[in-house]
Structures are given as C-alpha cells and as structure tokens.
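To keep things clear, I will list the structure first and then write my remarks on it.
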Amino acid sequence: MIARANHRIAYPCRFQLIAAMNPCKCGGSGPGIACKRGQRCATDYQARLSGPFLDRIDLNIEVPAVSAADLSLPTAREGSAEVRARVIAARQRQEARFDALGVKGLRINAHASGHLLDQIATPEPDGAALLRSAAETLGLSARGFHRVLRVARTLADLDGIETVRRIHIAEALSYRGESLRQRQAA
Ligand SMILES: [Zn+2]
C-alpha cells in the first residue's frame, strides 16, 4: 500500500525477495579477511540495513568468498537435481497437510498465518523450550517468532518428518541473522 497526500494505491505483493550484499562497501572483507579500512567499514556498511527490514528476512546466510583452491575441489555431493527433488517432495507434504486440514487456497508454509502455524508447527516440548529461551535472549519480535516456526516447519518437511523437532528450531534460529544484528549493535 503506497499512500501519498491525495492517493492511496494497493499493489499485489506476494513475492520472494532474494538479496545479496558484500560485507563492506569495498567488497574486500569477509570471514577471515579484514578490510584495509578496518572493522568500522563493515559495521557502518551493514548498519544501512535497518533492524525492521532484517526482521523480515527469514534466511540470513554468510557466504565465504570462493578461493582458487576451492575451485579445484570435487563438486558438491548433492547436485541441484537432487535438491529440487527434495524441495518438490517437501512442497507436496505441505499441500497435502493443508488439504487434510481443509484449508483452501494454501499450498506452502510461507503463506500460512500465525494462527495456522499453531496447528501445524507447534514444536516438540524441548524445541518449544528452546524457542522460548531464544525469543527472550535474542529479543525476537512476534513476527520473528512466527517466522522461526514457519522455517522450522519447512525444515522438518525437507527432512520428511511430521513433527517439528528441536533441531529444526535450532537451525531456523541460526538463520535469523543475529550475528549481523549483533555486529551492528557492537
Ligand atoms: Zn571496506
């Protein structure tokens, strides 16, 4: 919804945002590599992403630079075709679950409401305990809390497991980008 003085217009906006950035504006730093301008360069650059914006990003992954030595390594054990098959199977599980619940027009976890997540993504007790303590220590917003559940439900679906386990909550939490936020706060 874009609101201006005399206009208010709503655009359809169900989208998936995939974005990438360098650790600092020179592009020269990264895990194990310091920028010539020092840590401040990366801190200032990353602080340009606001907390509320980062809060809406489910999977935050630090990717080390590929070195020349990496290129000579054997290719990954699991190729794109295998990953695609796992993703299709996970999506089918999700669709079947929504069908069984009689939820119309919903096919993937990404579009499930917080209320629906209570039904399909309530973790096992030790997972729930981990999420509660992480919510407190990381200061998760209500939005962030539901986003972790949604990602954890999907990770369980990728594993072909019906229950959301502690390991799925832990992995979902690891993608929250807390390291990025904590560096900003430092
Ligand atoms: Zn720099």
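Ordering of the structure tokens sets the chain letters (A, B, ...); residue numbers start at 1 within each chain; ligands are numbered from 1 in the order shown.
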Practice item. Can you list, as an NGL selection string, all residues belonging to region 2-135 of chain A that DSSP tags as helix (DSSP H, G or I)? Key: :A and (39-46 or 51-55 or 68-71 or 80-100 or 109-111 or 114-120 or 125-135)
Review point. Running DSSP on the backbone, which parts of chain A land in strand (DSSP E or B), as a ChimeraX atom specification?
Key: /A:2-3,8-9,30,33,123,164
Output N, CA and C atoms for every residue in the selection just made, as a compact mmCIF listing (two decimals), in the first residue's frame.
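Done, and the output landed in result_5.txt:
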```
# COMPACT_ATOMS: atom_id res chain seq x y z
N ILE A 2 0.74 2.05 -1.03
CA ILE A 2 1.53 3.28 -1.09
C ILE A 2 0.57 4.45 -0.87
N ALA A 3 0.82 5.22 0.16
CA ALA A 3 -0.07 6.34 0.48
C ALA A 3 0.67 7.65 0.29
N ARG A 8 -3.88 6.79 -2.70
CA ARG A 8 -3.60 5.58 -1.93
C ARG A 8 -3.80 4.43 -2.91
N ILE A 9 -2.75 3.68 -3.14
CA ILE A 9 -2.89 2.62 -4.14
C ILE A 9 -2.30 1.31 -3.59
N GLY A 30 35.60 -10.07 4.71
CA GLY A 30 34.79 -11.29 4.82
C GLY A 30 35.34 -12.12 5.93
N ILE A 33 39.06 -12.33 6.44
CA ILE A 33 39.78 -11.32 5.64
C ILE A 33 39.35 -9.94 6.15
N PRO A 123 6.24 -27.00 18.05
CA PRO A 123 7.38 -27.92 18.18
C PRO A 123 7.17 -28.92 19.32
N VAL A 164 7.80 -31.07 14.37
CA VAL A 164 8.87 -30.06 14.36
C VAL A 164 9.74 -30.31 15.59
```
Per residue of chain A within 6 Å of ligand 1, record the nearest atom pair and its distance in Å to one decimal, counting only C-alpha atoms and all ligand atoms, with rows in chain order and ascending residue number, as a tab-separated table.
```
residue	atom	partner	partner_atom_place_in_ligand_line	distance
A:Cys24	CA	ligand 1	1 (Zn)	4.5
A:Lys25	CA	ligand 1	1 (Zn)	5.2
A:Cys26	CA	ligand 1	1 (Zn)	4.3
A:Gly28	CA	ligand 1	1 (Zn)	5.9
A:Cys35	CA	ligand 1	1 (Zn)	4.7
A:Arg37	CA	ligand 1	1 (Zn)	5.5
A:Cys41	CA	ligand 1	1 (Zn)	4.6
A:Ala42	CA	ligand 1	1 (Zn)	5.8
```
Practice item. Using only C-alpha atoms, pick whichever of A:Ala128, A:Ala5, A:Ile167, A:Ile18 has the shortest atom-to-atom distance to Ile61 (chain A). Key: A:Ile18
Exercise for review: Write out as a ChimeraX atom specification the residues lying within 12 Å of Leu131 (chain A), counting only C-alpha atoms and excluding same-chain residues fewer than 6 positions away.
Suggested key: /A:122-125,137-140,142,144-149,152,164-174
